[in-house]
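Student: First the structure, then my questions, so here it is.
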Amino acid sequence: MKLAAIIPAAGKGRRFGMPKVDAEYNGITFAQRIISTLQEAGFADYVLVRDVETPDMLASVRWGMQKALSENERPDGWLVWPVDHPTVRVTTIIALAGIFAKNSNSVIIPRHQGRSGHPVLLPGAFSIPDKPNPLGLKGVIMESHFPLVFADVDDVGILFNFNTPEDVHYA
């Protein structure tokens with residue numbers, strides 16, 4: 001099964017004070033932490049969406065999918081991993097991929113103690129519409145015809161969304 005990752009990281013990081021793609025957690029940039037985790041989990045294909053002008057994360061995901069498709073054939077699934085969630089464990093990514101292998105026509109959403117988080121795994125046929133959605137990716141997922149599968153994981157990192165430098169110190 002071929003999976004490709006999209007890492008939306010085109011934001012300016014206004015609340016953070018700098019682009020989050022270049023922010024560090026334990027001396028490693030958010031982007032490099034995610035890329036290292038992906039590689040350790042067996043992902044060879046990923047697109048880091050940075051240095052492009054997009055109006056929101058949804059547009060960044062769309063741009064990343066289009067870029068991936070211009071370079072490779074359509075994958076069986078898309079792992080969408082926002083750059084501001086850099087503490088997700090390798091074991092979580094491997095578990096999500098394993099669940100997706102049995103549910104490849106579903107959206108796989110990680111959940112920790114009843115709360116859903118990121119990254120999410122989308123079927124390869126999933127597409128992001130051109131029209132904006134006020135609820136972002138969550139709204140597009142809810143409007144799609146794909147069933148949802150919640151994957152309970154023992155990884156609080158799926159919930160850590162670093163919006164300010166102070167958030168990094170509490171993780």
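Please note that chains go A, B, ... in the order of the structure tokens, that every chain numbers its residues from 1, and that ligands are numbered from 1 in the order shown.
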Ile141 (chain A): which residues within 8 Å, counting only C-alpha atoms, same-chain residues fewer than 4 positions away excluded, as JSON, numbers by chain?

Tutor: {"A": [107, 137, 146]}

Student: For Ser60 (chain A), please output as a PyMOL selection string all residues within 12 Å (counting only C-alpha atoms; exclusion window: fewer than 5 positions along the same chain).

Tutor: chain A and resi 6-11+47-55+65-67+80-83+128-130+132+136-137

Student: Got a sec to tell me which of region 56-96 of chain A DSSP assigns to strand (DSSP E or B), as a ChimeraX atom specification?

Tutor: /A:77-80

Student: Write the residues you've just listed into a file as a PDB file, in the first residue's frame, and include C-alpha atoms for each of them.

Tutor:
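After the write, out-v6.pdb holds the following:
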```pdb
ATOM      1  CA  GLY A  77      -3.862   7.214   0.978  1.00  0.00           C
ATOM      2  CA  TRP A  78      -2.900  10.714   2.095  1.00  0.00           C
ATOM      3  CA  LEU A  79      -1.547  11.332   5.582  1.00  0.00           C
ATOM      4  CA  VAL A  80      -2.260  14.990   6.384  1.00  0.00           C
TER       5      VAL A  80
END
```

Student: If you count only C-alpha atoms, which residues fall within 10 Å of Met1 (chain A), apart from same-chain ones fewer than 5 positions away, as a PyMOL selection string?

Tutor: chain A and resi 75-77+97-98+100-101+104

Student: Filtering to N, CA and C atoms, could you give me those residues as a PDB file, in the first residue's frame?

Tutor:
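After the write, part22.pdb holds the following:
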```
ATOM      1  N   PRO A  75      -1.468   8.090  -4.683  1.00  0.00           N
ATOM      2  CA  PRO A  75      -1.250   7.093  -3.635  1.00  0.00           C
ATOM      3  C   PRO A  75      -2.568   6.443  -3.215  1.00  0.00           C
ATOM      4  N   ASP A  76      -2.469   5.395  -2.445  1.00  0.00           N
ATOM      5  CA  ASP A  76      -3.655   4.747  -1.894  1.00  0.00           C
ATOM      6  C   ASP A  76      -4.252   5.583  -0.764  1.00  0.00           C
ATOM      7  N   GLY A  77      -3.399   6.381  -0.126  1.00  0.00           N
ATOM      8  CA  GLY A  77      -3.862   7.214   0.978  1.00  0.00           C
ATOM      9  C   GLY A  77      -2.986   8.423   1.184  1.00  0.00           C
ATOM     10  N   ALA A  97      -1.365   3.688   9.768  1.00  0.00           N
ATOM     11  CA  ALA A  97      -1.175   3.030   8.470  1.00  0.00           C
ATOM     12  C   ALA A  97      -1.735   1.609   8.505  1.00  0.00           C
ATOM     13  N   GLY A  98      -1.550   0.909   9.611  1.00  0.00           N
ATOM     14  CA  GLY A  98      -2.079  -0.447   9.739  1.00  0.00           C
ATOM     15  C   GLY A  98      -3.596  -0.475   9.721  1.00  0.00           C
ATOM     16  N   PHE A 100      -5.457   1.826   8.344  1.00  0.00           N
ATOM     17  CA  PHE A 100      -5.844   2.240   6.997  1.00  0.00           C
ATOM     18  C   PHE A 100      -5.766   1.060   6.022  1.00  0.00           C
ATOM     19  N   ALA A 101      -4.781   0.194   6.193  1.00  0.00           N
ATOM     20  CA  ALA A 101      -4.629  -0.960   5.303  1.00  0.00           C
ATOM     21  C   ALA A 101      -5.886  -1.834   5.317  1.00  0.00           C
ATOM     22  N   SER A 104      -9.180   1.085   3.740  1.00  0.00           N
ATOM     23  CA  SER A 104      -8.575   2.031   2.802  1.00  0.00           C
ATOM     24  C   SER A 104      -9.563   2.957   2.095  1.00  0.00           C
TER      25      SER A 104
END
```

Student: Between A:Val88, A:Met142, A:Leu148, A:Val156, which is the closest to Arg115 (chain A) once you count only C-alpha atoms?

Tutor: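 So, comparing all the options, the nearest one is A:Val156.
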
Student: Contacts of Tyr25 (chain A) at 10 Å or less, counting only C-alpha atoms, minus same-chain residues fewer than 6 places along, as a VMD selection string?

Tutor: chain A and resid 31 to 33 86 to 87 162 165 168 to 169 171

Student: Can you tell me which residues surround Val90 (chain A) at a distance of at most 9 Å, considering only C-alpha atoms, apart from same-chain residues fewer than 5 positions away, and format the answer as a PDB file with N, CA and C atoms, in the first residue's frame?

Tutor:
```
ATOM      1  N   THR A  37      10.107  11.355  11.640  1.00  0.00           N
ATOM      2  CA  THR A  37       9.112  10.385  12.101  1.00  0.00           C
ATOM      3  C   THR A  37       8.505   9.643  10.914  1.00  0.00           C
ATOM      4  N   LEU A  38       8.181  10.394   9.856  1.00  0.00           N
ATOM      5  CA  LEU A  38       7.640   9.753   8.653  1.00  0.00           C
ATOM      6  C   LEU A  38       8.610   8.726   8.087  1.00  0.00           C
ATOM      7  N   GLU A  40      11.044   7.161   9.592  1.00  0.00           N
ATOM      8  CA  GLU A  40      11.174   6.022  10.498  1.00  0.00           C
ATOM      9  C   GLU A  40       9.957   5.095  10.404  1.00  0.00           C
ATOM     10  N   ALA A  41       8.795   5.674  10.084  1.00  0.00           N
ATOM     11  CA  ALA A  41       7.569   4.878   9.943  1.00  0.00           C
ATOM     12  C   ALA A  41       7.450   4.245   8.559  1.00  0.00           C
ATOM     13  N   ALA A  95       0.618   2.666  13.462  1.00  0.00           N
ATOM     14  CA  ALA A  95      -0.718   2.156  13.804  1.00  0.00           C
ATOM     15  C   ALA A  95      -1.780   2.701  12.857  1.00  0.00           C
TER      16      ALA A  95
END
```

Student: Name the closest residue to Arg74 (chain A) among the candidates A:Pro134, A:Gly139, A:Gly17, A:Pro123; distances are taken between atoms, counting only C-alpha atoms.

Tutor: A:Pro123

Student: What's the 7 Å shell around Lys20 (chain A), counting only C-alpha atoms, without same-chain residues fewer than 4 positions away, as a ChimeraX atom specification?

Tutor: /A:13,16,30,83-84

Student: Extract the full set of alpha helix (DSSP H) residues from chain A according to DSSP on the backbone, and format it as a VMD selection string.

Tutor: chain A and resid 30 to 40 57 to 71 90 to 102 136 to 143 165 to 170

Student: Limited to N, CA and C atoms, could you put the picked residues into a file as a compact mmCIF listing (two decimals), in the first residue's frame?

Tutor:
```txt
# COMPACT_ATOMS: atom_id res chain seq x y z
N PHE A 30 10.21 21.76 13.82
CA PHE A 30 8.96 21.00 13.74
C PHE A 30 8.96 20.16 12.46
N ALA A 31 9.33 20.80 11.35
CA ALA A 31 9.30 20.09 10.06
C ALA A 31 10.24 18.89 10.06
N GLN A 32 11.44 19.07 10.58
CA GLN A 32 12.40 17.96 10.57
C GLN A 32 11.95 16.83 11.49
N ARG A 33 11.33 17.16 12.61
CA ARG A 33 10.80 16.12 13.51
C ARG A 33 9.75 15.28 12.78
N ILE A 34 8.85 15.95 12.06
CA ILE A 34 7.80 15.24 11.34
C ILE A 34 8.40 14.39 10.23
N ILE A 35 9.31 14.95 9.46
CA ILE A 35 9.93 14.21 8.35
C ILE A 35 10.70 13.00 8.88
N SER A 36 11.42 13.17 9.98
CA SER A 36 12.17 12.04 10.57
C SER A 36 11.21 10.95 11.04
N THR A 37 10.11 11.36 11.64
CA THR A 37 9.11 10.38 12.10
C THR A 37 8.50 9.64 10.91
N LEU A 38 8.18 10.39 9.86
CA LEU A 38 7.64 9.75 8.65
C LEU A 38 8.61 8.73 8.09
N GLN A 39 9.87 9.11 7.97
CA GLN A 39 10.87 8.20 7.41
C GLN A 39 11.04 6.96 8.28
N GLU A 40 11.04 7.16 9.59
CA GLU A 40 11.17 6.02 10.50
C GLU A 40 9.96 5.10 10.40
N MET A 57 -5.11 26.48 5.67
CA MET A 57 -4.54 25.13 5.69
C MET A 57 -5.17 24.23 4.64
N LEU A 58 -6.47 24.39 4.42
CA LEU A 58 -7.16 23.57 3.43
C LEU A 58 -6.55 23.77 2.05
N ALA A 59 -6.27 25.01 1.69
CA ALA A 59 -5.64 25.30 0.40
C ALA A 59 -4.21 24.74 0.36
N SER A 60 -3.53 24.74 1.49
CA SER A 60 -2.18 24.17 1.55
C SER A 60 -2.22 22.67 1.31
N VAL A 61 -3.22 21.99 1.87
CA VAL A 61 -3.37 20.55 1.65
C VAL A 61 -3.65 20.29 0.17
N ARG A 62 -4.55 21.06 -0.41
CA ARG A 62 -4.87 20.91 -1.84
C ARG A 62 -3.61 21.11 -2.68
N TRP A 63 -2.84 22.16 -2.39
CA TRP A 63 -1.61 22.45 -3.12
C TRP A 63 -0.63 21.27 -2.99
N GLY A 64 -0.51 20.74 -1.77
CA GLY A 64 0.39 19.61 -1.55
C GLY A 64 -0.01 18.37 -2.31
N MET A 65 -1.31 18.10 -2.34
CA MET A 65 -1.81 16.94 -3.11
C MET A 65 -1.51 17.12 -4.59
N GLN A 66 -1.76 18.30 -5.11
CA GLN A 66 -1.50 18.57 -6.53
C GLN A 66 -0.01 18.42 -6.85
N LYS A 67 0.84 18.91 -5.97
CA LYS A 67 2.29 18.79 -6.16
C LYS A 67 2.69 17.31 -6.16
N ALA A 68 2.18 16.55 -5.21
CA ALA A 68 2.51 15.12 -5.14
C ALA A 68 2.06 14.40 -6.40
N LEU A 69 0.86 14.72 -6.87
CA LEU A 69 0.33 14.06 -8.07
C LEU A 69 1.10 14.46 -9.33
N SER A 70 1.71 15.63 -9.34
CA SER A 70 2.50 16.04 -10.50
C SER A 70 3.82 15.29 -10.58
N GLU A 71 4.24 14.70 -9.47
CA GLU A 71 5.53 14.01 -9.41
C GLU A 71 5.40 12.49 -9.33
N VAL A 90 6.22 7.76 16.27
CA VAL A 90 6.36 6.84 15.15
C VAL A 90 5.34 5.71 15.27
N THR A 91 5.16 5.19 16.48
CA THR A 91 4.23 4.07 16.67
C THR A 91 2.80 4.45 16.29
N THR A 92 2.46 5.71 16.48
CA THR A 92 1.12 6.18 16.10
C THR A 92 0.97 6.17 14.59
N ILE A 93 1.98 6.65 13.89
CA ILE A 93 1.93 6.68 12.42
C ILE A 93 1.84 5.26 11.87
N ILE A 94 2.61 4.36 12.43
CA ILE A 94 2.56 2.96 12.00
C ILE A 94 1.18 2.36 12.29
N ALA A 95 0.62 2.67 13.46
CA ALA A 95 -0.72 2.16 13.80
C ALA A 95 -1.78 2.70 12.86
N LEU A 96 -1.71 4.00 12.53
CA LEU A 96 -2.69 4.58 11.61
C LEU A 96 -2.59 3.91 10.24
N ALA A 97 -1.37 3.69 9.77
CA ALA A 97 -1.17 3.03 8.47
C ALA A 97 -1.74 1.61 8.51
N GLY A 98 -1.55 0.91 9.61
CA GLY A 98 -2.08 -0.45 9.74
C GLY A 98 -3.60 -0.48 9.72
N ILE A 99 -4.22 0.46 10.40
CA ILE A 99 -5.68 0.55 10.40
C ILE A 99 -6.17 0.93 9.01
N PHE A 100 -5.46 1.83 8.34
CA PHE A 100 -5.84 2.24 7.00
C PHE A 100 -5.77 1.06 6.02
N ALA A 101 -4.78 0.19 6.19
CA ALA A 101 -4.63 -0.96 5.30
C ALA A 101 -5.89 -1.83 5.32
N LYS A 102 -6.61 -1.85 6.43
CA LYS A 102 -7.83 -2.64 6.55
C LYS A 102 -9.09 -1.82 6.24
N GLY A 136 -12.73 24.19 7.70
CA GLY A 136 -11.45 23.67 7.25
C GLY A 136 -11.51 22.22 6.84
N LEU A 137 -10.40 21.51 7.10
CA LEU A 137 -10.31 20.11 6.71
C LEU A 137 -11.40 19.28 7.39
N LYS A 138 -11.67 19.57 8.63
CA LYS A 138 -12.72 18.83 9.35
C LYS A 138 -14.05 18.95 8.60
N GLY A 139 -14.37 20.14 8.14
CA GLY A 139 -15.62 20.34 7.40
C GLY A 139 -15.66 19.57 6.10
N VAL A 140 -14.54 19.56 5.39
CA VAL A 140 -14.48 18.81 4.12
C VAL A 140 -14.62 17.32 4.39
N ILE A 141 -13.99 16.83 5.45
CA ILE A 141 -14.12 15.41 5.80
C ILE A 141 -15.57 15.09 6.14
N MET A 142 -16.21 15.95 6.91
CA MET A 142 -17.59 15.68 7.31
C MET A 142 -18.55 15.72 6.12
N GLU A 143 -18.25 16.53 5.12
CA GLU A 143 -19.10 16.61 3.93
C GLU A 143 -18.80 15.50 2.92
N PRO A 165 4.80 30.18 21.28
CA PRO A 165 6.05 29.62 21.84
C PRO A 165 5.83 29.02 23.23
N GLU A 166 4.90 29.57 23.98
CA GLU A 166 4.62 29.04 25.33
C GLU A 166 4.08 27.62 25.26
N ASP A 167 3.32 27.32 24.21
CA ASP A 167 2.77 25.96 24.06
C ASP A 167 3.88 24.91 24.01
N VAL A 168 5.01 25.25 23.42
CA VAL A 168 6.13 24.32 23.29
C VAL A 168 6.67 23.94 24.66
N HIS A 169 6.67 24.89 25.58
CA HIS A 169 7.22 24.65 26.91
C HIS A 169 6.32 23.77 27.78
N TYR A 170 5.04 23.67 27.42
CA TYR A 170 4.11 22.86 28.21
C TYR A 170 3.95 21.45 27.68
```

Student: For a quick check of understanding, using only C-alpha atoms, which of A:Ser116, A:Ser106, A:Arg89, A:Glu73 has the smallest distance to Asp155 (chain A)?

Tutor: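 Selected residue with least distance to Asp155 (chain A): A:Arg89.
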
Student: How many Å lie between CA of Asn163 (chain A) and CA of Arg15 (chain A), rounded to one decimal?

Tutor: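 It comes out at 6.3 Å.
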
Student: Which distance in Å separates CA of His118 (chain A) and CA of Asp152 (chain A), to one decimal?

Tutor: 12.0 Å

Student: Using only C-alpha atoms, can you tell me which of A:Lys12, A:His85, A:Leu3, A:Ile108 comes closest to Asn72 (chain A)?

Tutor: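 For Asn72 (chain A), the nearest of the given residues is A:Leu3.
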
Student: What is the CA of Phe126 (chain A) to CA of Asp154 (chain A) distance in Å?

Tutor: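 About the pair CA of Phe126 (chain A) and CA of Asp154 (chain A): they are 26.9 Å apart.
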